[in-house]
file coords-v2.cif (mmCIF, C-alpha atoms)
data_entry
loop_
_atom_site.label_atom_id
_atom_site.label_comp_id
_atom_site.auth_asym_id
_atom_site.auth_seq_id
_atom_site.Cartn_x
_atom_site.Cartn_y
_atom_site.Cartn_z
CA MET P 1 -4.08 -41.84 -22.78
CA PHE P 2 -7.59 -43.16 -23.49
CA GLN P 3 -8.22 -46.90 -23.19
CA PHE P 4 -10.87 -48.57 -25.35
CA LYS P 5 -11.76 -52.27 -25.34
CA GLN P 6 -9.60 -53.22 -28.34
CA PHE P 7 -7.12 -50.35 -28.69
CA THR P 8 -5.45 -47.51 -26.80
CA ILE P 9 -5.32 -43.86 -27.87
CA GLN P 10 -2.25 -41.79 -26.99
CA GLN P 11 -3.02 -38.10 -27.53
CA GLU P 12 -0.18 -35.91 -26.24
CA LEU P 13 0.77 -34.80 -29.79
CA CYS P 14 -2.80 -33.81 -30.73
CA ALA P 15 -4.53 -30.50 -30.15
CA MET P 16 -7.96 -32.12 -30.03
CA LYS P 17 -8.27 -34.94 -27.54
CA VAL P 18 -10.66 -37.90 -27.62
CA GLY P 19 -14.18 -36.64 -26.96
CA THR P 20 -17.82 -37.61 -27.17
CA ASP P 21 -18.22 -36.23 -30.72
CA GLY P 22 -15.59 -38.50 -32.25
CA VAL P 23 -16.69 -41.60 -30.36
CA LEU P 24 -20.33 -41.04 -31.34
CA LEU P 25 -19.41 -40.58 -34.99
CA GLY P 26 -17.17 -43.64 -35.02
CA ALA P 27 -19.95 -45.77 -33.55
CA TRP P 28 -22.78 -44.32 -35.69
CA ALA P 29 -21.34 -43.78 -39.17
CA LYS P 30 -21.93 -46.34 -41.90
CA GLY P 31 -18.87 -47.95 -43.45
CA GLY P 32 -17.96 -50.02 -46.48
CA PRO P 33 -15.00 -51.74 -48.14
CA ARG P 34 -13.12 -48.43 -48.56
CA ILE P 35 -13.43 -45.83 -45.80
CA LEU P 36 -11.90 -42.35 -45.53
CA ASP P 37 -11.50 -40.56 -42.18
CA ALA P 38 -10.97 -36.89 -43.05
CA GLY P 39 -9.18 -34.99 -40.28
CA THR P 40 -8.30 -38.07 -38.25
CA GLY P 41 -6.60 -36.38 -35.28
CA THR P 42 -5.65 -39.16 -32.84
CA GLY P 43 -6.97 -41.79 -35.27
CA VAL P 44 -9.80 -42.82 -32.94
CA ILE P 45 -12.56 -42.73 -35.59
CA ALA P 46 -10.42 -44.60 -38.13
CA LEU P 47 -9.71 -47.32 -35.56
CA MET P 48 -13.38 -47.55 -34.56
CA MET P 49 -14.38 -47.98 -38.20
CA ALA P 50 -11.69 -50.64 -38.68
CA GLN P 51 -12.99 -52.50 -35.62
CA ARG P 52 -16.59 -52.35 -36.88
CA TYR P 53 -15.79 -53.22 -40.50
CA LEU P 54 -13.09 -55.88 -40.34
CA GLU P 55 -12.97 -56.34 -44.13
CA ALA P 56 -12.54 -52.60 -44.77
CA GLN P 57 -9.44 -50.66 -45.75
CA VAL P 58 -9.43 -47.34 -43.88
CA THR P 59 -7.47 -44.29 -45.06
CA ALA P 60 -6.99 -41.61 -42.40
CA ILE P 61 -5.70 -38.16 -43.39
CA ASP P 62 -4.82 -35.02 -41.44
CA ILE P 63 -3.18 -31.69 -42.20
CA ASP P 64 -1.36 -31.54 -38.84
CA GLU P 65 2.01 -33.36 -38.65
CA GLY P 66 1.73 -34.03 -34.93
CA ALA P 67 -1.70 -35.58 -35.34
CA VAL P 68 -0.43 -37.77 -38.21
CA ARG P 69 2.48 -39.06 -36.10
CA GLN P 70 0.13 -39.71 -33.18
CA ALA P 71 -2.42 -41.52 -35.33
CA GLN P 72 0.33 -43.63 -36.93
CA GLN P 73 1.56 -44.62 -33.45
CA ASN P 74 -1.94 -45.49 -32.27
CA VAL P 75 -2.61 -47.58 -35.38
CA ALA P 76 0.76 -49.36 -35.09
CA GLN P 77 -0.02 -50.39 -31.49
CA SER P 78 -3.55 -51.59 -32.36
CA PRO P 79 -4.85 -54.89 -33.80
CA PHE P 80 -5.82 -53.00 -36.97
CA LEU P 81 -2.39 -52.13 -38.39
CA THR P 82 -3.02 -53.90 -41.71
CA GLN P 83 -6.37 -52.15 -42.17
CA VAL P 84 -5.55 -48.50 -41.50
CA THR P 85 -3.23 -46.19 -43.48
CA VAL P 86 -2.48 -42.71 -42.07
CA LEU P 87 -1.38 -39.97 -44.49
CA HIS P 88 -0.24 -36.35 -44.05
CA GLU P 89 -2.54 -34.78 -46.66
CA THR P 90 -5.25 -32.19 -47.04
CA LEU P 91 -8.73 -33.35 -47.95
CA GLN P 92 -8.85 -30.80 -50.76
CA GLU P 93 -5.89 -32.46 -52.54
CA HIS P 94 -6.54 -36.08 -51.60
CA GLN P 95 -7.23 -38.56 -54.39
CA GLY P 96 -9.14 -41.82 -54.14
CA ALA P 97 -12.55 -43.48 -54.26
CA TYR P 98 -14.47 -44.40 -51.11
CA ASP P 99 -17.65 -46.19 -50.09
CA ALA P 100 -17.85 -44.21 -46.85
CA ILE P 101 -16.37 -40.93 -45.64
CA VAL P 102 -16.41 -39.86 -41.99
CA SER P 103 -15.34 -36.49 -40.62
CA ASN P 104 -15.37 -34.69 -37.29
CA PRO P 105 -14.58 -31.38 -39.00
CA PRO P 106 -13.33 -28.03 -37.70
CA PHE P 107 -16.42 -26.12 -36.65
CA PHE P 108 -15.68 -22.61 -35.37
CA ILE P 109 -16.47 -20.19 -38.20
CA ASP P 110 -17.09 -16.73 -36.75
CA SER P 111 -15.36 -16.97 -33.39
CA LEU P 112 -11.97 -15.59 -32.32
CA ALA P 113 -9.03 -17.82 -33.25
CA ALA P 114 -7.08 -19.45 -30.44
CA PRO P 115 -3.43 -18.46 -29.88
CA ASP P 116 -2.34 -22.12 -30.10
CA GLU P 117 -1.83 -22.69 -33.84
CA GLN P 118 -2.26 -26.47 -33.67
CA ARG P 119 -5.51 -26.23 -31.68
CA ASN P 120 -6.67 -23.44 -33.97
CA MET P 121 -6.13 -25.67 -37.01
CA ALA P 122 -8.15 -28.48 -35.47
CA ARG P 123 -11.07 -26.33 -34.34
CA HIS P 124 -11.43 -23.54 -36.92
CA THR P 125 -12.67 -23.84 -40.49
CA ALA P 126 -9.89 -21.68 -41.98
CA THR P 127 -8.08 -24.89 -43.03
CA LEU P 128 -11.22 -26.74 -44.16
CA THR P 129 -14.45 -24.86 -44.77
CA TYR P 130 -17.76 -26.68 -44.87
CA ALA P 131 -17.96 -25.90 -48.59
CA GLU P 132 -14.51 -27.46 -49.19
CA LEU P 133 -15.46 -30.49 -47.10
CA MET P 134 -18.60 -31.10 -49.14
CA GLN P 135 -16.93 -30.48 -52.51
CA ALA P 136 -14.13 -32.94 -51.70
CA ALA P 137 -16.48 -35.53 -50.22
CA TYR P 138 -18.73 -35.43 -53.29
CA ARG P 139 -15.68 -35.93 -55.53
CA LEU P 140 -14.27 -38.83 -53.50
CA LEU P 141 -17.48 -40.70 -52.61
CA SER P 142 -18.84 -43.58 -54.66
CA ASN P 143 -22.36 -43.27 -56.11
CA ASP P 144 -23.82 -45.48 -53.39
CA GLY P 145 -21.57 -44.24 -50.58
CA GLU P 146 -22.43 -42.22 -47.50
CA LEU P 147 -20.75 -39.20 -45.88
CA SER P 148 -21.14 -38.92 -42.10
CA VAL P 149 -20.24 -35.88 -39.98
CA VAL P 150 -20.80 -34.53 -36.47
CA VAL P 151 -21.49 -30.84 -35.81
CA PRO P 152 -22.57 -28.62 -32.90
CA PHE P 153 -26.32 -27.87 -33.01
CA ASP P 154 -25.84 -24.26 -34.14
CA TYR P 155 -23.77 -25.30 -37.18
CA ARG P 156 -26.19 -27.93 -38.48
CA GLN P 157 -27.94 -25.62 -40.94
CA ARG P 158 -24.68 -24.37 -42.47
CA MET P 159 -23.44 -27.92 -42.94
CA GLU P 160 -26.71 -29.05 -44.54
CA ASP P 161 -26.81 -26.00 -46.82
CA GLU P 162 -23.30 -26.69 -48.14
CA ALA P 163 -24.13 -30.38 -48.61
CA ILE P 164 -27.27 -29.65 -50.61
CA PHE P 165 -25.45 -27.02 -52.67
CA VAL P 166 -22.96 -29.58 -54.05
CA GLY P 167 -25.69 -32.16 -54.73
CA PHE P 168 -25.95 -34.24 -51.56
CA PHE P 169 -29.23 -35.41 -50.02
CA PRO P 170 -29.70 -35.94 -46.25
CA SER P 171 -30.02 -39.66 -45.46
CA ARG P 172 -29.80 -39.79 -41.66
CA VAL P 173 -30.07 -37.24 -38.85
CA CYS P 174 -29.44 -38.00 -35.18
CA ALA P 175 -30.08 -35.26 -32.61
CA VAL P 176 -27.82 -35.83 -29.60
CA LYS P 177 -28.91 -34.51 -26.20
CA THR P 178 -26.94 -34.29 -22.97
CA THR P 179 -30.16 -34.76 -20.96
CA GLU P 180 -33.64 -35.77 -22.09
CA ARG P 181 -35.28 -32.45 -21.22
CA LYS P 182 -32.78 -30.17 -22.97
CA PRO P 183 -32.49 -29.37 -26.71
CA ALA P 184 -29.92 -31.24 -28.83
CA LYS P 185 -26.32 -30.06 -28.35
CA ARG P 186 -24.88 -31.79 -31.44
CA TYR P 187 -26.05 -33.54 -34.57
CA LEU P 188 -24.82 -36.61 -36.40
CA LEU P 189 -25.58 -36.06 -40.10
CA ALA P 190 -25.29 -38.41 -43.07
CA PHE P 191 -25.59 -37.59 -46.78
CA ARG P 192 -25.87 -39.53 -50.03
CA LYS P 193 -25.64 -38.59 -53.71
CA HIS P 194 -29.17 -39.71 -54.59
CA PRO P 195 -32.60 -38.78 -53.20
CA CYS P 196 -33.51 -41.10 -50.32
CA PRO P 197 -35.77 -41.24 -47.28
CA CYS P 198 -34.13 -39.43 -44.37
CA GLU P 199 -34.04 -41.43 -41.14
CA LYS P 200 -34.43 -39.23 -38.05
CA GLU P 201 -33.63 -40.24 -34.49
CA GLN P 202 -32.68 -38.86 -31.07
CA LEU P 203 -30.01 -40.03 -28.68
CA THR P 204 -29.37 -38.96 -25.10
CA ILE P 205 -25.87 -39.27 -23.62
CA GLY P 206 -25.87 -41.96 -20.93
CA SER P 207 -29.15 -43.55 -22.06
CA GLU P 208 -29.55 -47.27 -22.77
CA ALA P 209 -29.47 -46.55 -26.52
CA TYR P 210 -26.21 -44.62 -26.06
CA ARG P 211 -24.69 -47.48 -24.03
CA GLN P 212 -25.68 -49.97 -26.72
CA LEU P 213 -24.21 -47.79 -29.48
CA THR P 214 -20.84 -47.45 -27.72
CA ALA P 215 -20.77 -50.85 -25.96
CA ASP P 216 -18.09 -52.34 -28.24
CA PHE P 217 -15.68 -49.50 -27.45
CA TYR P 218 -15.99 -48.08 -23.93
CA LEU P 219 -14.60 -50.19 -21.07
#
call {"tool": "encode", "arguments": {"input": "coords-v2.cif", "output": "structure tokens"}}
result
Amino acid sequence: MFQFKQFTIQQELCAMKVGTDGVLLGAWAKGGPRILDAGTGTGVIALMMAQRYLEAQVTAIDIDEGAVRQAQQNVAQSPFLTQVTVLHETLQEHQGAYDAIVSNPPFFIDSLAAPDEQRNMARHTATLTYAELMQAAYRLLSNDGELSVVVPFDYRQRMEDEAIFVGFFPSRVCAVKTTERKPAKRYLLAFRKHPCPCEKEQLTIGSEAYRQLTADFYL
């Protein structure tokens, strides 16, 4: 169990537990009236977006049945039940129109698959490649909407290449460091459908800026 200020996350049915990546994305991503959380897992990002954008309707989808049941339970026990809908669907087949899409996607591409099928599905891109993510996001996103993702540092270039290939333009980049002196370990990336200035920033875990970003969520 993971306790946030306004909701609780149960996670025994999910392969991927609550982690820094998801919390960062949920606190950093831009929202809108209609938000899609692609690959919701426990539902933590969907609930964070609902808390930040109280007028929004959030759709959360996942390919894993256990994750969907878990996310539905977490939403049902939260103050945001009327805002968040959890569906057992693939992103590739999902239909809709959204002002914001957020995704903490599978990221292992070339590495050895894990023996645990559920964990494998959550972590490896066999079920959702970066190309498929970008193609679906471009189809589902409104003209003025924004797609936000989080990726390990060594997958940033692949993600950006696939985004640009389908017609996206980088709009925001946040390099996330574990300590000030070390290189970034992960990147928060945002994309839009039209050319725009790209805002660039850095964030260090545990810094004052990090505490401010996550202040509404962490106890």
call {"tool": "closest_residue", "arguments": {"input": "coords-v2.cif", "among": "P:Leu133, P:Leu47, P:Ala175, P:Ala190", "to": "His94 (chain P)", "atoms": "all atoms listed in the file"}}
result
P:Leu133
call {"tool": "residues_around", "arguments": {"input": "coords-v2.cif", "residues": "region 206-218 of chain P", "least_positions_apart": "5", "cutoff": "10 Å", "atoms": "all atoms listed in the file", "output": "ChimeraX atom specification"}}
result
/P:2-7,23-24,26-28,48,51-52,176-180
call {"tool": "residues_around", "arguments": {"input": "coords-v2.cif", "residues": "Asp154 (chain P)", "least_positions_apart": "5", "cutoff": "10 Å", "atoms": "all atoms listed in the file", "output": "PyMOL selection string"}}
result
chain P and resi 107+159+184-187
call {"tool": "resolve_selection", "arguments": {"input": "coords-v2.cif", "expression": "the PyMOL selection byres ((chain P and resi 143-149) around 10)", "output": "PyMOL selection string"}}
result
chain P and resi 21-22+25-26+28-32+34-38+97-105+134+137-142+150-151+159+163+168-173+187-194
call {"tool": "closest_residue", "arguments": {"input": "coords-v2.cif", "among": "P:Ser78, P:Gln73, P:Cys174, P:Thr8", "to": "Glu199 (chain P)", "atoms": "only C-alpha atoms"}}
result
P:Cys174
call {"tool": "atom_distance", "arguments": {"input": "coords-v2.cif", "atom1": "CA of Thr90 (chain P)", "atom2": "CA of Ile63 (chain P)"}}
result
5.3 Å
call {"tool": "atom_distance", "arguments": {"input": "coords-v2.cif", "atom1": "CA of Leu128 (chain P)", "atom2": "CA of Gln83 (chain P)"}}
result
25.9 Å
call {"tool": "closest_residue", "arguments": {"input": "coords-v2.cif", "among": "P:Gly41, P:Lys182, P:Thr127, P:Thr85", "to": "Gln202 (chain P)", "atoms": "all atoms listed in the file"}}
result
P:Lys182
call {"tool": "atom_distance", "arguments": {"input": "coords-v2.cif", "atom1": "CA of Val75 (chain P)", "atom2": "CA of Met49 (chain P)"}}
result
12.1 Å
call {"tool": "closest_residue", "arguments": {"input": "coords-v2.cif", "among": "P:Thr82, P:Arg158, P:Glu132, P:Ala67", "to": "Lys17 (chain P)", "atoms": "all atoms listed in the file"}}
result
P:Ala67
call {"tool": "closest_residue", "arguments": {"input": "coords-v2.cif", "among": "P:Cys14, P:Ile164, P:Val84, P:Val58", "to": "Pro33 (chain P)", "atoms": "only C-alpha atoms"}}
result
P:Val58
